[in-house]
Amino acid sequence: MATYLEFIQQNEERDGVRFSWNVWPSSRLEATRMVVPLACLLTPLKERPDLPPVQYEPVLCSRPTCKAVLNPLCQVDYRAKLWACNFCFQRNQFPPAYAGISEVNQPAELMPQFSTIEYIVQRGPQTPLIFLYVVDTCLEEEDLQALKESLQMSLSLLPADALVGLITFGRMVQVHELSCEGISKSYVFRGTKDLTAKQIQDMLGLSRPAVPVQQGRPLQTQEQPAISSRFLQPVHKIDMNLTDLLGELQRDPWPVTQGKRPLRSTGVALSIAVGLLEGTFPNTGARIMLFTGGPPTQGPGMVVGDELKTPIRSWHDIEKDNARFMKKATKHYETLANRTAANGHCIDIYACALDQTGLLEMKCCANLTGGHMVMGDSFNTSLFKQTFQRVFNKGFNGDFRMAFGASLEVKTSRELKIAGAIGPCVSLNAKGPCVSENELGIGGTSQWKICSLDPSTTLAIYFEVVNQHNAPIPQGGRGAVQFVTQYQHSSTQKRIRVTTIARNWADAQSQLQHIEAAFDQEAAAVLMARLGVYRAESEEGPDVLRWLDRQLIRLCQKFGQYNKDDPNSFRLSESFSLYPQFMFHLRRSPFLQVFNNSPDESSYYRHHFARQDLTQSLIMIQPILYAYSFHGPPETIAQWQKAGYQDMPEYENFKHLLQAPLDDAQEILQTRFPMPRYIHTEHGGSQARFLLSKVNPSQTHNNLYAWGQESGAPILTDDVSLQVFMDHLKKLAVSSAS
Amino acid sequence: MSVNQQTHTGPPYGQPQPGYQGYQQPAYGGQPLPGVPHSQYGVYNGPMPGYQQPVPPQGCFPSLGFPSKGSPVSFNSDTSLAPNFIGSVRAPSTSGTSLSSGHLGYSPFGQGDVQNGIPASTAPMQRPPASQPFLPGSAPVPVSQTSMLQQYGPPPASVQQLSNHMAGMTIGSTSTSAPPPAGLGYGAPRPPTMPGPPLPVQTAAGPPTSQPNHVSSPPPPPSTLSGPYPGPPMSGLRGPPPPTHPPQPGYQMQQNGSFEQVRGPQTNYGGAYPGTPNYGSQPGPPPPPKRLDPDSIPSPQLNELPPQQKPRHRIDPDAIPSPIQVIEDDRSNRGSEPFVTGVRGQVPPLVTTNFLVKDQGNASPRYIRCTSYNIPCTSDMAKQSQVPLAAVIKPLATLPPDETLPYLVDHGESGPVRCNRCKAYMCPFMQFIEGGRRFQCCFCSCVTEVPPHYFQHLDHTGKRVDFYDRPELSLGSYEFLATVDYCKNNKFPSPPAFIFMIDVSYNAVKSGLVRLICEELKSLLDYLPREGNMEESAIRVGFVTYNKVLHFYNVKSSLAQPQMMVVSDVADMFVPLLDGFLVNVNESRTVIISLLDQIPEMFADTRETETVFGPVIQAGLEALKAAECAGKLFIFHTSLPIAEAPGKLKNRDDKKLINTDKEKTLFQPQTSFYNNLAKDCVAQGCCVDLFLFPNQYLDVATLGIVTYQTGGSIYKYAYFQLETDQDRFLNDLRRDVQKEVGFDAVMRVRTSTGIRATDFFGAFFMSNTTDVEMAGLDCDKTITVEFKHDDKLSEDSGALLQCALLYTSCAGQRRLRIHNLSLNCCTQLADLYRNCETDTLINYLAKYAYRGVLNSPVKTVRDALINQCAQILACYRKNCASPSSAGQLILPECMKLLPVYLNCVLKSDVLQPGPEVTTDDRAYIRQLVTSMDVAETNVFFYPRLLPVTKADVDSDSLPAAIRNSEERLSKGDIYLLENGLNIFVWVGVNVQQGLIQNLFGVSSFSQISSTLNTLPVLENPFSKKVRSIIDMLQVQRSRYMKLIIVKQEDKLEMLFKQFLVEDKSLTGGASYVDFLCHMHKEIRQLLS
């Protein structure tokens, strides 16, 4: 048997799923004692170059409350042309198209290697993708110019038939008509007034009494071309127009007096963007892309007043309940986000400014709709430019790496229930027999909507074992989970991806070592981290840390080997060995620590943390520090560099040494989204602080014993080092008091 | 009440004429009072004699008396004398003839008796008073005057006597309701008996009823009256002096018809022109009492009338004061020499006279005209006379090219020199003292130091040596350059802006209006007002289109193409752009042209029918606010703004409200929204000009509020059609855009101690009681200011007015325009009456009444007007006219047209709408009149009627105007009638084909299209002449008049006839003659 590591990796590659436990405790009680919940990280659209989609409809279990999809785990009676649902045990007739089915002539969905399969289905009209640019014009000239160029460039990256629209805002909000010859038209809104969707549609002339709004289905744009065509036009038709329009875009003309911030109506602009799409293209793939260069300073959603002497809220202000606009603004954006999500659209936020831009308040717009959140110092940076370009990256098969309007449904075998999900999704509020009453994350449902996702978008899904202790599962019994993700592919096709997995049940009392061995500590760390981050959004920071600590201690108590009250005797098995270290870094991470971060930064980090796949998440928790050296004293390299050795032919190897980390960094930069902030520093350089804040503070000004030793300079922090942390952990784990 | 209508021929007599009462003429005495006539009737004949008797005395007196005073005009009721003035000479002769006829007439009287019988009861009463028979009669009965007239025709001896008659007439009408009084009066017999005093009776009976009746309904048949009394007139002065006088004398009206009464000759005459001998005087009692048969009277004009009609007239229209005559006389007397303003209290020539003004210390009458140039010294006097003291001020009036514009004076950094206390500006009336070191204010007497930089020595007469070098010391009108202290927020203003706001809803687009406006603007923008010799206008322009939403346009010069910005949030209007909305025309020309080319295309397919209005003004206002300048909005609007927005209106038109207490609501705005908006506009200096193109009710009363209060103009083109209305609209637009205009104006009128400006009429806003604020003030806008006493005035020092207008010129320069006027003061009422100007008085009264309808039922307003005029005239009669028979109507020379003009005001659409007059028309007219100057109200209420077929094709002159009466029209002629808003071309059915061919280019009357709105351009002298006359008229008016071709006996003629204001109108407006009678009756009541 392959090792669990291999198993886990294999499963991840095939199904995009990583469970915290790969052998499941068979009773509720035992499961709760495992400390780390039974949960998985699911990457619904994980790229599978080897998985060609099938072009037919999935076969569903006929029980109305089940409707599970036929999968390799089902029992099939080839003679009777029957199959039994592995979730509800309903026996189902195969549809007529499967008449020729036999052991040797199996449809793909019955083959074990197709535990994940994707169907292309014909459903409803195909609507082109929609990209609605919402552009802040209160920018410095240079920034605006850079942004305009990026936007113009992006037109060439869009699918040719995609609809594109433009809203600009500053003191006022302008919705631009794109099809005008001879005169450019725009609808202008006051930036201070909150308008309902109905008002916005009326004011844009979008509501035609004759057109009944078809709830839940996209409007047939071909039949009603006039309605919204003024604002959303196919790229291929108007790219010249739009390029010119963007080219002529001026900075917000309203004067900004000394000591004031420009009046920026982000809240209304977003509201109008949402309202525009809401009325005209509900439930189609649409991205609202907000480009903002500063905080909203007026109207609904304002985050800070226009007086420069009043700084934007800090964590300190928030803790002191001193952020006067925060709650109202947050509420405004939450309402918008929920409406957007209900329509199946998503909002991206590209915020580039040296100061905060209000991401804290606006974060839900991206978080709930699956939109991107990008934070940079300026639009005139490669960070923004390349990141933005990467939004339109294409996958291995030439498709855009974006999908829309997905709904994820989770089905479980009867021993399991669904406790919730954490990720860029909203609840669809689908109650059912497999929904647990205990919620973890966004719970109370078995279905979630993910308005936008890409191949790396990863959700954490938490389960609850509900099998009672006194109702043992037969030996060899397996629990199963099916993930059904329906989505609009970037080609506008409707697709359904179905992943069905099964794991063995084990009795935690008798077979704890099996369970222990099947622990995926990486997945567990990320799953616990998501829970922690999720809590941190609503709870006080210290409480979350305490909760994390307690969980860690309990886990150590449960799975550690030690003698009571003897810290030195404490040992963890290999499958748990890294977990405490992950927790150590998690505690210090910007996801849970707000010290030294602005509220915007915290929101930004948390946003990304809640959607990245396992590998990225782990790196985010515990940064990787690569070392490059000649095995000489490291502190002299900077001096060599200053001395110019790298330019001398005889020191070419030194040049290579210097180049190696740069090349590696470039590679990393190229593969991540958003493009990471790239900092090049040297020992003692001012930028070194970014590095130092990430490393293990094994030497600080506090551990005096380290002074004067050769091992390096201390890091000025109050944080404890990993060593201290581990010592404490051991002590607490073995303590008979806890 | 028109004479014609009444049928009763015979009976009439019977009635006594009430009118008479007033008069003492014993002769009349015959007349019965209101009541009863019967016996009297019988008398009638009798009366005749009676009349005569009286006549002599009366007649004489009056006339005599008058002459000296002013020129009173008297009507003898009797006077059947047709020919008026003119005829004076002839009068005698005519009378002679008439007599004969008259006799005939009498006979009727006899018949009359019968009637008399009826009224009997009343009659008696009257008699008592009897001494003056007439009097009594007068009041009550009225009724059939007309009828009477016919019959009587005869009596009047002298023309002048008319007055009585008139009175009688009126009365008659009034009395209609009342029992026919009757014959008594006539009853010559009585004459002796009845003393004048019948008053009581009259009052009782007549008055009440009468008034009402008057107005509307014709008198009942029965009445007899008038005819009878008159009988006696003989003495009548008739005889006005021959030829010469004609003009003046006429006045009195006399007329004919009925008359036996001779009544004194018209006193009036005399009054009138002092200079001239008055008729009155001459009157020597010449003509013995004769009765004239009206018919027989040789009145040229009458000739054309069908015979039948004639008989009915009792009073010869030619014998009553003729506006035409007055105008002509003034022209010939005063048109030739310049009017030099150096002398205090001079009455200027009439507005209808062309004259040159030389400013020698008082403002030109083009800037200020007063109701009286001689103010009573005490408020008691003023109250007694009831003559309103008002000035009609047109601060930025356009001057003819040969007059000098006000000089611009710069007093330097410290600003204009002003009185320390009352802040009056330096003017010719300030008195320099102490060798020129100080000056004493002519308004408040406060002594102020002369600032060092302004010091100048005095010459031996006490005048400053630089007197002639300084406009502010030697002229009545001049301007000061304002300093920054006179500017809003202590900042010099930016040049103003014009914003064109075009309705692009379905109707506007479909009618071609939008395209028309856009095309026109392309060229019109090159003609924005410029300051003096500046090369280009400083005014910036902006463009907005709208239907249910607003579209702003960015036309910044740097743009390759215009940008349109749509604001749909009309609930909360704002201006979506800062830069590029208001631009310099030359700089942004290509972008603007591109925009104007595109606007019609962009909305060509619009389906939007709803419009907003409030937000449109708000948008303009906000734009001006953002640009920190004053300016003007030109709004082109088509429909009732029913779209959901602030200022949204309901259709609340309801013709059923007419003549109810709620009628006033039709003139009131239906929401206060626009009042508030107007206030904001005024504060910003945002003037709103409104061009309306309604196809149905759009509530002018409400929409016009902002325009009205910001000093803007409304133009209305109902059922706008490109072909027919385009010229008129474009001409109006061009003139409106190009005309001189000041912005952000504040006007204050200061007066010397003793009087005070208390009331203001016009298009403006007042936030306190003294300052008239106007966001915009153009050269056509007029403000009427009323003064009241707050102390005594002295004859020595007179009274001074100083009107100071602070405004921003079209180039953005802040200035003060000062107009000074000095008036005389009097302790004698006669001086007051001798220095009045009726045209100005009418201007005031019309504005007063038109404002009154906002708060009072229209009937109340009308009655108040009549009452006030009656009081004015009664006061004159009582205090200034020499004693004469009560039956005589005596009018001051200066006010002899008051009745006819007043009647025109009363008959105007606002005060007495015909069925086809819409609520919007009334509101429109109401607002329009409120800003009119004297010349405009003059022609508006009494249109000018020109017989073009009588024009001399070889000269530049206009044909002599004729009076506005159908009977003056000849079937064989073509006439032009203009009232400042419309020009009618009336074509008689018998016009020669040649003329028709020449003028219309068609061969016969029947081929003339009445839908034409211009005359074809034909190369023949007649066509050229007519068109040049029309052009000349158009140039004179501030609005381009709509040309309407009316063929005699065609449908449109009904419309035309409404403008024949001397006739009884279809809607019940009294004819001139009837009204005069009515006034007479009113006066008599007051006097009794």
# chains A, B, ... in the order shown; residues from 1 in each chain; ligands from 1
>>> interface_residues(of="chain A", to="chain B", cutoff="10 Å", atoms="only C-alpha atoms", output="ChimeraX atom specification")
/A:171-177,180-190,193,195,199-200,202-205,248,252-255
>>> select_by_dssp(residues="range 229-468 of chain A", states="alpha helix (DSSP H)", output="PyMOL selection string")
chain A and resi 229+235-248+266-280+315-319+326-343+359-369+382-391
>>> closest_residue(among="B:Val387, B:Leu829, B:Leu722, B:Ala678", to="Glu773 in chain B", atoms="only C-alpha atoms")
B:Ala678
>>> closest_residue(among="B:Asp863, B:Glu519, B:Asp920, B:Asp725", to="Asn1013 in chain B", atoms="only C-alpha atoms")
B:Asp725
>>> select_by_dssp(residues="range 866-935 of chain B", states="strand (DSSP E or B)", output="list in words")
Ser885, Gln888, Leu889, Ile890 and Leu891 of chain B
>>> residues_around(residues="Ile393 in chain B", least_positions_apart="6", cutoff="7 Å", atoms="only C-alpha atoms", output="list in words")
Tyr367, Ile368, Arg369, Thr782, Ile783 and Thr784 of chain B
>>> write_last_selection(atoms="C-alpha atoms", output="mmCIF file, in the first residue's frame")
data_model
loop_
_atom_site.group_PDB
_atom_site.id
_atom_site.type_symbol
_atom_site.label_atom_id
_atom_site.label_comp_id
_atom_site.auth_asym_id
_atom_site.auth_seq_id
_atom_site.Cartn_x
_atom_site.Cartn_y
_atom_site.Cartn_z
ATOM 1 C CA TYR B 367 -37.418 105.739 -18.291
ATOM 2 C CA ILE B 368 -40.074 107.088 -15.988
ATOM 3 C CA ARG B 369 -43.629 108.134 -16.521
ATOM 4 C CA THR B 782 -41.054 97.848 -16.536
ATOM 5 C CA ILE B 783 -41.735 98.272 -12.878
ATOM 6 C CA THR B 784 -44.663 100.267 -11.681
#
>>> closest_residue(among="B:Lys423, B:Arg815, B:Arg728, B:Lys632", to="Gly620 in chain B", atoms="only C-alpha atoms")
B:Lys632
>>> residues_around(residues="range 438-445 of chain A", least_positions_apart="3", cutoff="9 Å", atoms="only C-alpha atoms", output="list in words")
Ile418, Ala419, Gly420, Ala421, Ile422, Gly423, Cys425, Val426, Ser427, Leu428, Asn429, Ala430, Lys431, Gly432, Cys434, Val435, Trp448, Ala460, Ile461, Tyr462, Phe463, Glu464, Arg530, Leu531, Tyr534 and Arg535 of chain A
>>> write_last_selection(atoms="C-alpha atoms", output="mmCIF file, in the first residue's frame")
data_model
loop_
_atom_site.group_PDB
_atom_site.id
_atom_site.type_symbol
_atom_site.label_atom_id
_atom_site.label_comp_id
_atom_site.auth_asym_id
_atom_site.auth_seq_id
_atom_site.Cartn_x
_atom_site.Cartn_y
_atom_site.Cartn_z
ATOM 1 C CA ILE A 418 -22.681 18.949 6.557
ATOM 2 C CA ALA A 419 -21.717 21.594 9.084
ATOM 3 C CA GLY A 420 -20.714 24.385 6.790
ATOM 4 C CA ALA A 421 -18.250 25.843 4.368
ATOM 5 C CA ILE A 422 -15.646 28.573 4.444
ATOM 6 C CA GLY A 423 -14.603 30.217 1.241
ATOM 7 C CA CYS A 425 -19.287 31.612 -1.270
ATOM 8 C CA VAL A 426 -22.729 32.385 0.044
ATOM 9 C CA SER A 427 -25.314 29.998 1.357
ATOM 10 C CA LEU A 428 -28.081 28.925 -0.938
ATOM 11 C CA ASN A 429 -29.988 27.973 2.110
ATOM 12 C CA ALA A 430 -30.752 24.463 0.934
ATOM 13 C CA LYS A 431 -31.966 22.542 3.933
ATOM 14 C CA GLY A 432 -32.050 18.820 3.809
ATOM 15 C CA CYS A 434 -27.702 15.937 5.378
ATOM 16 C CA VAL A 435 -27.467 19.395 6.871
ATOM 17 C CA TRP A 448 -23.527 27.294 -1.743
ATOM 18 C CA ALA A 460 -13.168 24.368 3.220
ATOM 19 C CA ILE A 461 -16.104 22.140 3.935
ATOM 20 C CA TYR A 462 -16.793 20.850 7.372
ATOM 21 C CA PHE A 463 -18.700 17.739 8.282
ATOM 22 C CA GLU A 464 -20.121 16.215 11.320
ATOM 23 C CA ARG A 530 -9.754 28.909 8.081
ATOM 24 C CA LEU A 531 -11.910 28.343 11.095
ATOM 25 C CA TYR A 534 -13.430 32.966 10.044
ATOM 26 C CA ARG A 535 -13.866 33.491 13.749
#
>>> residues_around(residues="Ser154 in chain A", least_positions_apart="5", cutoff="10 Å", atoms="only C-alpha atoms", output="ChimeraX atom specification")
/A:148-149,388-389,391-392
